[in-house]
Each structure stands twice: as C-alpha cells, then as structure tokens.
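**Student:** Sharing start.cif here; it has mmCIF, C-alpha atoms.
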data_work
#
loop_
_atom_site.group_PDB
_atom_site.id
_atom_site.type_symbol
_atom_site.label_atom_id
_atom_site.label_comp_id
_atom_site.auth_asym_id
_atom_site.auth_seq_id
_atom_site.Cartn_x
_atom_site.Cartn_y
_atom_site.Cartn_z
ATOM 1 C CA MET G 1 122.034 108.097 85.672
ATOM 2 C CA ALA G 2 121.240 104.740 84.016
ATOM 3 C CA GLU G 3 121.206 103.087 87.455
ATOM 4 C CA VAL G 4 118.370 105.357 88.599
ATOM 5 C CA LYS G 5 116.229 104.415 85.580
ATOM 6 C CA ASP G 6 116.698 100.701 86.324
ATOM 7 C CA GLN G 7 115.426 101.098 89.885
ATOM 8 C CA LEU G 8 112.028 101.809 91.361
ATOM 9 C CA GLU G 9 111.519 103.528 94.715
ATOM 10 C CA ILE G 10 108.721 101.652 96.518
ATOM 11 C CA LYS G 11 106.926 102.088 99.812
ATOM 12 C CA PHE G 12 104.520 99.492 101.114
ATOM 13 C CA ARG G 13 101.285 100.848 102.626
ATOM 14 C CA LEU G 14 99.875 98.673 105.413
ATOM 15 C CA ASN G 15 96.165 98.402 106.245
ATOM 16 C CA ASP G 16 96.469 100.810 109.197
ATOM 17 C CA GLY G 17 97.939 103.564 106.982
ATOM 18 C CA SER G 18 101.544 103.150 108.106
ATOM 19 C CA ASP G 19 104.333 102.395 105.642
ATOM 20 C CA ILE G 20 107.345 100.154 105.222
ATOM 21 C CA GLY G 21 110.006 101.977 103.232
ATOM 22 C CA PRO G 22 110.518 103.670 100.863
ATOM 23 C CA LYS G 23 113.313 101.506 99.503
ATOM 24 C CA SER G 24 114.892 101.217 96.061
ATOM 25 C CA PHE G 25 114.537 97.955 94.117
ATOM 26 C CA PRO G 26 116.125 97.020 90.773
ATOM 27 C CA ASP G 27 113.705 96.447 87.866
ATOM 28 C CA ALA G 28 114.660 92.746 87.812
ATOM 29 C CA THR G 29 113.409 92.184 91.390
ATOM 30 C CA THR G 30 110.451 89.785 91.500
ATOM 31 C CA VAL G 31 107.208 90.415 93.375
ATOM 32 C CA ALA G 32 108.018 87.324 95.479
ATOM 33 C CA THR G 33 111.220 89.072 96.622
ATOM 34 C CA LEU G 34 109.216 92.192 97.514
ATOM 35 C CA LYS G 35 106.923 90.008 99.631
ATOM 36 C CA GLU G 36 109.953 88.478 101.384
ATOM 37 C CA THR G 37 111.091 92.020 102.201
ATOM 38 C CA ILE G 38 107.687 92.818 103.691
ATOM 39 C CA VAL G 39 107.694 89.673 105.863
ATOM 40 C CA ALA G 40 111.237 90.466 107.063
ATOM 41 C CA GLN G 41 110.564 94.158 107.765
ATOM 42 C CA TRP G 42 107.049 93.844 109.202
ATOM 43 C CA PRO G 43 106.849 96.026 112.345
ATOM 44 C CA ARG G 44 107.036 93.720 115.388
ATOM 45 C CA ASP G 45 104.577 95.873 117.363
ATOM 46 C CA LYS G 46 101.777 95.299 114.831
ATOM 47 C CA GLU G 47 99.355 92.416 115.255
ATOM 48 C CA ASN G 48 98.385 89.891 112.577
ATOM 49 C CA GLY G 49 101.616 90.177 110.643
ATOM 50 C CA PRO G 50 102.374 87.798 107.784
ATOM 51 C CA LYS G 51 104.037 84.529 108.709
ATOM 52 C CA THR G 52 105.012 83.575 105.158
ATOM 53 C CA VAL G 53 105.141 85.091 101.694
ATOM 54 C CA LYS G 54 101.890 83.254 100.882
ATOM 55 C CA ASP G 55 100.097 85.465 103.445
ATOM 56 C CA VAL G 56 100.950 88.650 101.510
ATOM 57 C CA LYS G 57 99.170 90.163 98.516
ATOM 58 C CA LEU G 58 100.517 93.278 96.835
ATOM 59 C CA ILE G 59 98.330 95.711 94.941
ATOM 60 C CA SER G 60 99.742 98.338 92.620
ATOM 61 C CA ALA G 61 97.686 100.596 90.355
ATOM 62 C CA GLY G 62 94.579 98.562 91.196
ATOM 63 C CA ARG G 63 96.113 95.226 90.175
ATOM 64 C CA ILE G 64 97.046 92.264 92.363
ATOM 65 C CA LEU G 65 100.656 91.488 91.512
ATOM 66 C CA GLU G 66 101.735 87.958 90.635
ATOM 67 C CA ASN G 67 104.852 86.463 92.272
ATOM 68 C CA ASN G 68 106.636 85.779 88.982
ATOM 69 C CA LYS G 69 106.330 89.379 87.724
ATOM 70 C CA THR G 70 109.193 91.835 88.165
ATOM 71 C CA VAL G 71 109.310 95.387 89.467
ATOM 72 C CA GLY G 72 109.899 96.499 85.863
ATOM 73 C CA ASP G 73 106.641 94.797 84.834
ATOM 74 C CA CYS G 74 104.784 96.705 87.573
ATOM 75 C CA ARG G 75 106.011 100.081 86.386
ATOM 76 C CA SER G 76 103.194 102.380 85.318
ATOM 77 C CA PRO G 77 103.969 104.064 81.982
ATOM 78 C CA VAL G 78 102.199 107.239 83.110
ATOM 79 C CA GLY G 79 102.906 107.930 86.779
ATOM 80 C CA ASN G 80 106.566 107.024 87.352
ATOM 81 C CA PHE G 81 108.782 110.096 87.306
ATOM 82 C CA SER G 82 112.416 110.013 88.322
ATOM 83 C CA GLY G 83 112.623 110.439 92.075
ATOM 84 C CA ALA G 84 108.952 109.537 92.563
ATOM 85 C CA VAL G 85 107.929 106.881 95.081
ATOM 86 C CA THR G 86 105.540 104.119 94.029
ATOM 87 C CA THR G 87 103.082 103.029 96.717
ATOM 88 C CA MET G 88 102.064 99.376 96.811
ATOM 89 C CA HIS G 89 99.249 98.333 99.119
ATOM 90 C CA VAL G 90 99.782 95.287 101.319
ATOM 91 C CA ILE G 91 96.930 92.894 102.065
ATOM 92 C CA ILE G 92 97.481 90.165 104.646
ATOM 93 C CA HIS G 93 95.438 87.015 104.129
ATOM 94 C CA HIS G 94 96.521 84.215 106.441
ATOM 95 C CA GLN G 95 96.506 80.765 104.888
ATOM 96 C CA VAL G 96 94.038 78.318 106.420
ATOM 97 C CA THR G 97 95.621 75.062 107.601
ATOM 98 C CA GLU G 98 94.061 71.657 106.950
ATOM 99 C CA LYS G 99 93.208 71.366 110.652
ATOM 100 C CA GLU G 100 91.358 74.699 110.568
ATOM 101 C CA LYS G 101 89.527 73.677 107.357
ATOM 102 C CA LYS G 102 88.277 70.473 108.980
ATOM 103 C CA LYS G 103 87.181 72.357 112.092
ATOM 104 C CA LYS G 104 85.361 74.939 109.957
ATOM 105 C CA LYS G 105 83.576 72.262 107.906
ATOM 106 C CA LYS G 106 82.518 70.490 111.085
ATOM 107 C CA SER G 107 81.067 73.660 112.613
ATOM 108 C CA LYS G 108 79.264 74.579 109.362
ATOM 109 C CA GLY G 109 77.743 71.107 109.224
ATOM 110 C CA ASP G 110 76.458 71.485 112.775
ATOM 111 C CA LEU G 111 74.800 74.788 111.893
ATOM 112 C CA LYS G 112 73.021 73.253 108.907
ATOM 113 C CA GLN G 113 71.529 70.531 111.082
ATOM 114 C CA ASN G 114 70.154 72.999 113.613
ATOM 115 C CA LYS G 115 68.893 75.511 111.081
ATOM 116 C CA CYS G 116 65.165 76.230 111.161
ATOM 117 C CA VAL G 117 63.480 76.813 107.830
ATOM 118 C CA CYS G 118 59.916 77.264 109.063
ATOM 119 C CA LEU G 119 57.935 80.335 108.073
ATOM 120 C CA CYS G 120 54.845 81.341 109.956
ATOM 121 C CA PHE G 121 52.317 83.726 108.510
ATOM 122 C CA GLY G 122 49.570 84.819 110.777
ATOM 123 C CA ALA G 123 46.867 87.363 110.207
ATOM 124 C CA ARG G 124 44.592 88.814 112.836
ATOM 125 C CA CYS G 125 41.132 89.862 111.874
#
Any chance you could put this one into structure tokens?
**Tutor:**
Amino acid sequence: MAEVKDQLEIKFRLNDGSDIGPKSFPDATTVATLKETIVAQWPRDKENGPKTVKDVKLISAGRILENNKTVGDCRSPVGNFSGAVTTMHVIIHHQVTEKEKKKKKKSKGDLKQNKCVCLCFGARC
C-alpha cells in the first residue's frame, strides 16, 4: 500500500483534447523526466510534435511546472485521492533558432521602413 502513496497516476492532455497515458510515476520523478516521456511517446500521426524537452511546457493546477520540481512537489493537497488520475496539460512551444531570429529581425526591419504613418483628415462642407 505504501508504494501506491509514493506514486502519482498522470495523463498528459494534448492541445487537440487527446491524451498520452495515464501512467504511474514515482513521487521522486522530475518534471524534466515527465517531459522526456512526452517527447518519446508523442503520437507520430500528430503534427507539430516536440523535438526536444525544451519545446514542452507542463501545466498542472494552473501552474507551469519547473524542470527541477518533482512529481511529489506537483501533488495537490486537495484533489489527489488514491486511484485518481492527475491531468497535466501539455503546451508545445518550439524554440526559435538563431537563424530564424535573424530572419525575423530582418523582416521586421523591412516592415518598419515601409510603414506609413500619415493621417489624413478631410471634411466636406
């Protein structure tokens, strides 16, 4: 029975409403490990999947979870009953590469140069 208390049953809710899991994780499991699980088990038929752990954000009970926290730290004192499944929401935010940053800055600069700031007020009598 002590083993059940030291574990948390988690399912990961994706942005389209589908789930990965549920799966049991020990309380000592870090959020970074949970993210590795998501990257490894991401459905291959879904587009825009995470490429690395840095692309994944986990939200539980309205809080963005930090990589160094453990599953035990994420436990809600109110809502976790034995046998209950905790749902964590998965947000995918792809990291922007240096090449993409330079390209984006270049295109923004071009827009600023071509931007019109003239205002015309005309009244007909």
**Student:** Between G:Lys54, G:Arg63, G:His94, G:His89, which one has atoms that come closest to G:Ser18, using all atoms listed in the file?
**Tutor:**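 Nearest candidate to G:Ser18 out of G:Lys54, G:Arg63, G:His94, G:His89: G:His89.
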**Student:** Which protein, DNA or RNA residues are at most 7 Å from (115.6, 103.6, 94.6) in the file's coordinates when you count only C-alpha atoms, listed as a list in words?
**Tutor:**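 Residues found, by chain and rising number: Val4, Gln7, Leu8, Glu9, Lys23, Ser24 and Phe25 of chain G.
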**Student:** Choose the residue, out of G:Ser60, G:Gly72, G:Glu36, G:Pro43, that has the smallest atom-to-atom separation from G:Asp19; count all atoms listed in the file.
**Tutor:**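 Closest residue, counting all atoms listed in the file: G:Pro43.
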**Student:** Please indicate the distance in Å from atom CA of G:Asp16 to atom CA of G:Ala84, rounded to one decimal place.
**Tutor:**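 Value for the atom CA of G:Asp16-atom CA of G:Ala84 distance: 22.6 Å.
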**Student:** Considering all atoms listed in the file, state which residue in the set G:Asp27, G:Gly21, G:Lys35, G:Leu65 is at the smallest distance from G:Lys51.
**Tutor:**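 Using all atoms listed in the file, the shortest distance to G:Lys51 belongs to G:Lys35.
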**Student:** Quick one, how far is atom CA of G:Asp45 from atom CA of G:Thr29?
**Tutor:**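 Spanning atom CA of G:Asp45 to atom CA of G:Thr29 is a straight-line distance of 27.7 Å.
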**Student:** Name the residues, using the chain letters and numbers of the file, that sit within 12 Å of (111.3, 87.0, 95.2) when counting all atoms listed in the file, and give them as a PyMOL selection string.
**Tutor:** chain G and resi 25-26+28-39+53-54+66-71
**Student:** Excluding G:Met88 and any residue of its chain fewer than 6 positions from it, enumerate the residues within 8 Å of it, using only C-alpha atoms, and give them as a PyMOL selection string.
**Tutor:** chain G and resi 10-13+58-61
**Student:** Taking into account all atoms listed in the file, which residue in the set G:Ile92, G:Asp73, G:Gly62, G:Thr87 is nearest to G:Trp42?
**Tutor:**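 Using all atoms listed in the file, the shortest distance to G:Trp42 belongs to G:Ile92.
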**Student:** Can you tell me how far atom CA of G:Val56 sits from atom CA of G:Ile91, in Å to one decimal?
**Tutor:**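 Taking atom CA of G:Val56 and atom CA of G:Ile91, their separation equals 5.9 Å.
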**Student:** Return the single residue from G:Ile64, G:Pro22, G:Gln41, G:Gly49 that is closest to G:Thr86, with distances computed using all atoms listed in the file.
**Tutor:**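 Between G:Ile64, G:Pro22, G:Gln41, G:Gly49, the residue approaching G:Thr86 most closely is G:Pro22.
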